[in-house]
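Asks: Contents of protein13.txt (compact mmCIF, C-alpha atoms) are below:
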# COMPACT_ATOMS: atom_id res chain seq x y z
CA MET A 5 34.92 2.65 -8.02
CA THR A 6 35.67 0.41 -11.03
CA ASN A 7 33.76 0.53 -14.31
CA ASN A 8 32.14 -2.81 -13.45
CA GLU A 9 30.99 -1.51 -10.06
CA ASP A 10 29.56 1.58 -11.78
CA PHE A 11 27.71 -0.69 -14.22
CA LEU A 12 26.29 -2.86 -11.43
CA ASP A 13 25.20 0.22 -9.47
CA GLU A 14 23.46 1.54 -12.58
CA ILE A 15 21.52 -1.72 -12.94
CA GLY A 16 20.43 -1.57 -9.30
CA ASP A 17 19.62 2.14 -9.19
CA ASN A 18 17.54 1.85 -12.34
CA HIS A 19 15.87 -1.38 -11.18
CA ILE A 20 16.78 -3.28 -14.32
CA ALA A 21 15.98 -6.98 -14.48
CA THR A 22 18.69 -9.17 -15.98
CA ASN A 23 16.92 -12.53 -15.84
CA ALA A 24 13.34 -13.64 -16.50
CA LYS A 25 13.75 -16.25 -13.76
CA ASN A 26 14.94 -15.71 -10.21
CA PRO A 27 18.73 -16.16 -10.37
CA LEU A 28 19.22 -19.19 -8.13
CA ARG A 29 22.35 -21.32 -7.94
CA SER A 30 22.05 -25.07 -8.60
CA ASP A 31 23.07 -25.81 -5.00
CA ALA A 32 20.50 -23.44 -3.48
CA PHE A 33 18.82 -26.20 -1.45
CA ASP A 34 21.77 -28.42 -0.60
CA ILE A 35 21.58 -27.23 3.01
CA SER A 36 18.57 -27.14 5.30
CA ASP A 37 16.61 -24.07 6.39
CA ASP A 38 18.06 -24.41 9.89
CA GLN A 39 21.60 -24.39 8.49
CA LYS A 40 20.80 -21.32 6.41
CA ILE A 41 19.46 -19.54 9.48
CA GLU A 42 22.68 -20.21 11.42
CA LEU A 43 24.85 -18.94 8.55
CA ILE A 44 22.74 -15.82 7.94
CA LYS A 45 22.66 -15.12 11.68
CA LYS A 46 26.47 -14.87 11.69
CA ASP A 47 26.40 -12.61 8.62
CA VAL A 48 23.88 -10.25 10.23
CA GLU A 49 25.99 -10.15 13.39
CA SER A 50 28.98 -9.16 11.27
CA ILE A 51 27.04 -6.40 9.49
CA LEU A 52 25.76 -4.91 12.75
CA LYS A 53 29.19 -5.06 14.38
CA THR A 54 30.76 -3.40 11.33
CA LEU A 55 28.17 -0.62 11.63
CA GLY A 56 29.29 -0.14 15.24
CA MET A 57 26.23 -1.57 16.96
CA ASP A 58 26.54 -3.01 20.47
CA LEU A 59 25.16 -6.53 20.28
CA THR A 60 25.32 -6.96 24.03
CA ASP A 61 22.39 -4.54 24.36
CA ASP A 62 19.14 -6.39 25.18
CA SER A 63 17.38 -4.69 22.25
CA LEU A 64 19.90 -6.05 19.73
CA LYS A 65 20.85 -9.43 21.20
CA GLY A 66 18.17 -11.32 19.32
CA THR A 67 18.26 -9.27 16.12
CA PRO A 68 20.63 -11.50 14.08
CA ASN A 69 18.54 -14.59 14.81
CA ARG A 70 15.26 -12.74 14.15
CA VAL A 71 16.50 -11.42 10.81
CA ALA A 72 17.87 -14.81 9.76
CA LYS A 73 14.57 -16.57 10.55
CA MET A 74 12.62 -13.82 8.78
CA PHE A 75 14.74 -14.18 5.63
CA VAL A 76 14.48 -17.97 5.43
CA LYS A 77 11.02 -18.64 6.86
CA GLU A 78 9.11 -15.55 5.78
CA ILE A 79 10.10 -12.88 3.28
CA PHE A 80 12.26 -15.16 1.11
CA GLY A 81 10.33 -18.38 1.75
CA GLY A 82 9.00 -18.34 -1.81
CA LEU A 83 12.44 -19.28 -3.15
CA ASN A 84 11.91 -22.84 -1.92
CA PRO A 85 9.90 -24.90 -4.45
CA ALA A 86 8.79 -27.16 -1.59
CA LYS A 87 6.66 -24.26 -0.35
CA LYS A 88 4.87 -23.79 -3.65
CA PRO A 89 1.10 -23.82 -2.98
CA SER A 90 -0.89 -26.67 -4.44
CA ALA A 91 -3.50 -25.25 -6.77
CA SER A 92 -6.16 -27.90 -7.32
CA THR A 93 -8.52 -27.18 -10.18
CA PHE A 94 -12.16 -28.14 -10.57
CA GLU A 95 -14.42 -28.70 -13.52
CA ASN A 96 -16.37 -25.62 -14.53
CA ASN A 97 -19.65 -27.52 -14.16
CA TYR A 98 -21.76 -24.38 -13.90
CA LYS A 99 -20.39 -23.29 -17.31
CA TYR A 100 -19.37 -19.83 -16.19
CA GLY A 101 -17.79 -18.42 -19.33
CA GLU A 102 -17.05 -14.84 -18.41
CA MET A 103 -14.02 -13.25 -16.84
CA LEU A 104 -13.19 -13.93 -13.20
CA VAL A 105 -11.25 -11.17 -11.45
CA GLU A 106 -9.55 -11.30 -8.06
CA LYS A 107 -8.58 -7.72 -7.32
CA ASN A 108 -6.71 -5.89 -4.58
CA ILE A 109 -4.59 -8.85 -3.52
CA THR A 110 -2.23 -7.44 -0.90
CA LEU A 111 1.36 -7.91 -1.99
CA TYR A 112 4.58 -7.75 0.00
CA SER A 113 7.83 -8.45 -1.78
CA THR A 114 11.48 -7.40 -1.62
CA CYS A 115 13.49 -5.54 -4.24
CA GLU A 116 16.46 -7.71 -5.20
CA HIS A 117 18.64 -4.64 -5.87
CA HIS A 118 18.55 -3.08 -2.40
CA LEU A 119 16.66 -5.67 -0.30
CA LEU A 120 14.02 -3.10 0.60
CA PRO A 121 10.26 -3.77 0.64
CA ILE A 122 7.89 -3.64 -2.31
CA ILE A 123 4.33 -3.04 -1.09
CA GLY A 124 1.27 -3.00 -3.31
CA ARG A 125 -1.70 -4.78 -4.78
CA ALA A 126 -2.09 -7.36 -7.51
CA HIS A 127 -5.15 -7.75 -9.71
CA VAL A 128 -5.49 -11.14 -11.40
CA ALA A 129 -8.05 -12.43 -13.92
CA TYR A 130 -8.70 -15.46 -16.07
CA ILE A 131 -11.30 -16.82 -18.46
CA SER A 132 -12.07 -20.48 -17.85
CA ASN A 133 -11.14 -23.05 -20.46
CA GLY A 134 -13.12 -25.75 -18.63
CA LYS A 135 -11.19 -25.52 -15.35
CA VAL A 136 -11.54 -23.20 -12.36
CA VAL A 137 -9.28 -22.67 -9.35
CA GLY A 138 -10.21 -21.76 -5.78
CA LEU A 139 -10.16 -18.01 -5.18
CA SER A 140 -7.74 -18.22 -2.25
CA LYS A 141 -5.27 -20.11 -4.45
CA MET A 142 -4.87 -17.03 -6.60
CA ASN A 143 -3.85 -15.08 -3.49
CA ARG A 144 -1.47 -17.84 -2.45
CA ILE A 145 0.20 -17.93 -5.88
CA VAL A 146 0.77 -14.17 -5.69
CA GLU A 147 2.19 -14.54 -2.18
CA TYR A 148 4.49 -17.43 -3.16
CA PHE A 149 6.17 -15.63 -6.04
CA ALA A 150 6.32 -12.37 -4.07
CA LYS A 151 8.21 -13.94 -1.15
CA ARG A 152 11.62 -13.79 -2.78
CA PRO A 153 14.08 -11.12 -3.91
CA GLN A 154 12.20 -9.79 -6.93
CA VAL A 155 11.74 -7.29 -9.68
CA GLN A 156 8.13 -6.33 -10.30
CA GLU A 157 8.15 -7.16 -14.01
CA ARG A 158 9.30 -10.72 -13.34
CA LEU A 159 6.79 -11.16 -10.52
CA THR A 160 3.93 -10.11 -12.81
CA MET A 161 5.02 -12.58 -15.48
CA GLN A 162 5.49 -15.44 -13.01
CA ILE A 163 1.97 -15.06 -11.62
CA VAL A 164 0.46 -15.20 -15.11
CA GLN A 165 2.63 -18.11 -16.24
CA GLU A 166 1.79 -20.17 -13.16
CA LEU A 167 -1.97 -19.65 -13.54
CA GLN A 168 -1.75 -20.43 -17.25
CA LYS A 169 -0.11 -23.73 -16.37
CA VAL A 170 -2.56 -24.53 -13.55
CA LEU A 171 -5.67 -23.66 -15.58
CA ASN A 172 -4.40 -24.94 -18.92
CA THR A 173 -5.32 -21.71 -20.67
CA GLU A 174 -3.48 -18.70 -22.07
CA ASP A 175 -6.35 -16.42 -21.00
CA VAL A 176 -4.79 -14.99 -17.83
CA ALA A 177 -3.89 -11.42 -16.90
CA CYS A 178 -2.21 -9.63 -14.03
CA VAL A 179 -1.68 -5.98 -13.12
CA ILE A 180 0.45 -4.95 -10.15
CA ASP A 181 0.56 -1.46 -8.63
CA ALA A 182 3.26 -1.19 -5.98
CA LYS A 183 5.50 1.18 -4.08
CA HIS A 184 9.22 0.42 -3.94
CA LEU A 185 10.88 1.63 -0.76
CA CYS A 186 14.20 1.73 -2.60
CA VAL A 187 12.62 4.62 -4.55
CA ASN A 188 10.43 6.03 -1.77
CA SER A 189 12.90 5.99 1.15
CA ARG A 190 16.35 6.30 -0.48
CA GLY A 191 17.84 7.55 -3.74
CA ILE A 192 15.32 9.94 -5.26
CA LYS A 193 13.14 9.65 -2.10
CA ASP A 194 9.87 10.11 -3.99
CA ILE A 195 7.24 8.96 -1.52
CA GLU A 196 4.32 9.47 -3.93
CA SER A 197 5.39 7.41 -6.94
CA SER A 198 4.31 3.83 -7.56
CA THR A 199 5.11 1.33 -10.29
CA ILE A 200 2.50 -0.41 -12.47
CA THR A 201 3.31 -3.55 -14.44
CA SER A 202 1.04 -5.79 -16.49
CA GLU A 203 1.06 -9.11 -18.29
CA PHE A 204 -1.76 -10.11 -20.65
CA GLY A 205 -2.14 -13.56 -22.14
CA GLY A 206 -4.49 -15.07 -24.72
CA LYS A 207 -7.82 -13.25 -25.02
CA PHE A 208 -6.54 -10.47 -22.76
CA LYS A 209 -4.37 -9.28 -25.63
CA ASN A 210 -7.63 -8.27 -27.31
CA GLU A 211 -8.26 -4.58 -26.62
CA ALA A 212 -11.91 -4.99 -25.59
CA THR A 213 -11.17 -7.85 -23.17
CA ARG A 214 -8.22 -6.02 -21.70
CA ARG A 215 -10.34 -2.89 -21.26
CA GLU A 216 -13.07 -4.90 -19.50
CA PHE A 217 -10.49 -6.24 -17.03
CA LEU A 218 -9.04 -2.78 -16.39
CA ASP A 219 -12.54 -1.37 -15.85
CA TYR A 220 -13.25 -4.05 -13.23
CA ILE A 221 -10.14 -3.02 -11.35
CA LYS A 222 -11.55 0.50 -11.04
CA PHE A 223 -14.76 -0.70 -9.36
CA ASP A 224 -15.26 0.65 -5.85
CA THR A 225 -15.58 -2.51 -3.74
CA GLN A 226 -15.09 -1.00 -0.29
CA PHE A 227 -17.60 -2.65 2.06
Output the structure of this file as structure tokens.
Replies:
Amino acid sequence: MTNNEDFLDEIGDNHIATNAKNPLRSDAFDISDDQKIELIKKDVESILKTLGMDLTDDSLKGTPNRVAKMFVKEIFGGLNPAKKPSASTFENNYKYGEMLVEKNITLYSTCEHHLLPIIGRAHVAYISNGKVVGLSKMNRIVEYFAKRPQVQERLTMQIVQELQKVLNTEDVACVIDAKHLCVNSRGIKDIESSTITSEFGGKFKNEATRREFLDYIKFDTQF
């Protein structure tokens, strides 16, 4: 293995982010989703054949097409800016001035280093600056940025930055607690460990406000 390959393996094995934005080429959307599916289908066929799998078996015949559709339409669908959720805001007419927290947002993403699942929960909060956003939109923003090859630190930052832009306020925070199957099922194979990342903007940089948010996350809301 060359020194460069060793270096690249070290980045992947240590889950190091090299870019604050998802590294997309400028021609990423020059071809349609259907064209991407056909190309990926052939690549998956090649991988399975190289591994020695018999693609004439009924169980495997449809696998390349299923995987290709899943990549483009589902787990990596958040790469396409056309799929970005609209997040209409409304005037805060009832003058609610305290923190709003949407906790335990189920999160499914994919580690960009090994293409294995990241599974966890996101907790998002903001303090209104005159605008509010529908609760479900917060979930959809999390889902959109999660549905792409990701690193958890970047995902956390993207969620906060998007809500800051939508709400026109710096007062947004996000904490993510997630398991990475590239850690849990391969490599060190530690099935118990999880990763926590956070991003605090505006008033959430204040210790008391940040502590209030973190205390809300601990609330037992099982109904």
Asks: Neighbours of Tyr98 of chain A within 12 Å (all atoms listed in the file; same-chain residues fewer than 5 positions away dropped), as a PyMOL selection string?
Replies: chain A and resi 132+134-136
Asks: With all atoms listed in the file as the atoms that count, which of A:Gly81, A:Gly191, A:Gly101, A:Gly205 lies nearest to Tyr148 of chain A?
Replies: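 Result for the nearest residue to Tyr148 of chain A: A:Gly81.
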Asks: Under the rule that only C-alpha atoms are counted, which of A:Met74, A:Asn69, A:Arg214, A:Ser202 is the nearest residue to Glu42 of chain A?
Replies: A:Asn69
Asks: Find the residues around segment 111-128 of chain A up to 6 Å (only C-alpha atoms counted), leave out those fewer than 2 positions away in its own chain, and share them as number ranges by chain.
Replies: A: 16, 105-109, 150-151, 153-155, 177-186
Asks: With distances taken over only C-alpha atoms, which residue among A:Leu59, A:Gln156, A:Phe94, A:Gln165 lies nearest Ile200 of chain A?
Replies: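 Ranked by minimum distance to Ile200 of chain A, first place goes to A:Gln156.
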Asks: Need the shell around Val48 of chain A: protein/DNA/RNA residues with any atom at most 9 Å away, counting only C-alpha atoms. Skip same-chain ones fewer than 3 positions apart. Format as a PyMOL selection string?
Replies: chain A and resi 43-45+51-53+67-69+71-72
Asks: Name the closest residue to Glu166 of chain A among the candidates A:Leu104, A:Glu49, A:Pro89, A:Ser30; distances are taken between atoms, counting only C-alpha atoms.
Replies: A:Pro89
Asks: Rounded to one decimal in Å, what is the spacing between atom CA of Arg152 of chain A and atom CA of Leu83 of chain A?
Replies: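 Interatomic distance, atom CA of Arg152 of chain A to atom CA of Leu83 of chain A: 5.6 Å.
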Asks: Of the candidates A:Glu147, A:Glu196, A:Glu216, A:Asp37, which one gets nearest to Thr160 of chain A if we count all atoms listed in the file?
Replies: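 Using all atoms listed in the file, Thr160 of chain A sits closest to A:Glu147.
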Asks: Hey, can you check how far atom CA of Asn210 of chain A sits from atom CA of Glu174 of chain A?
Replies: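 Computing the Euclidean distance for atom CA of Asn210 of chain A and atom CA of Glu174 of chain A yields 12.4 Å.
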Asks: Find, counting all atoms listed in the file, the residue in A:Leu159, A:Glu95, A:Met57, A:Asp175 that gets nearest to Thr213 of chain A.
Replies: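 Smallest distance to Thr213 of chain A is found for A:Asp175.
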Asks: What is the distance, in Å and to one decimal place, between atom CA of Leu139 of chain A and atom CA of Lys25 of chain A?
Replies: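 Taking atom CA of Leu139 of chain A as the start and atom CA of Lys25 of chain A as the end point, the length is 25.5 Å.
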Asks: First collect every listed atom of segment 121-125 of chain A; then fit an axis-aligned box around them, widen it by 4 Å on each side, and give centre and edge lengths in Å to one decimal, as JSON.
Replies:
{"center_x": 4.3, "center_y": -3.9, "center_z": -2.1, "size_x": 20.0, "size_y": 9.8, "size_z": 13.4}
Asks: Using only C-alpha atoms, find all polymer residues with an atom at most 7 Å away from the point (-13.5, -16.6, -20.3); report them as a short mmCIF file (atom, residue, chain, number, x, y, z; two decimals) with C-alpha atoms, in the frame of the given file.
Replies:
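Output contents, as saved in out_13.cif:
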data_model
loop_
_atom_site.label_atom_id
_atom_site.label_comp_id
_atom_site.auth_asym_id
_atom_site.auth_seq_id
_atom_site.Cartn_x
_atom_site.Cartn_y
_atom_site.Cartn_z
CA GLY A 101 -17.79 -18.42 -19.33
CA GLU A 102 -17.05 -14.84 -18.41
CA MET A 103 -14.02 -13.25 -16.84
CA TYR A 130 -8.70 -15.46 -16.07
CA ILE A 131 -11.30 -16.82 -18.46
CA SER A 132 -12.07 -20.48 -17.85
CA ASN A 133 -11.14 -23.05 -20.46
#
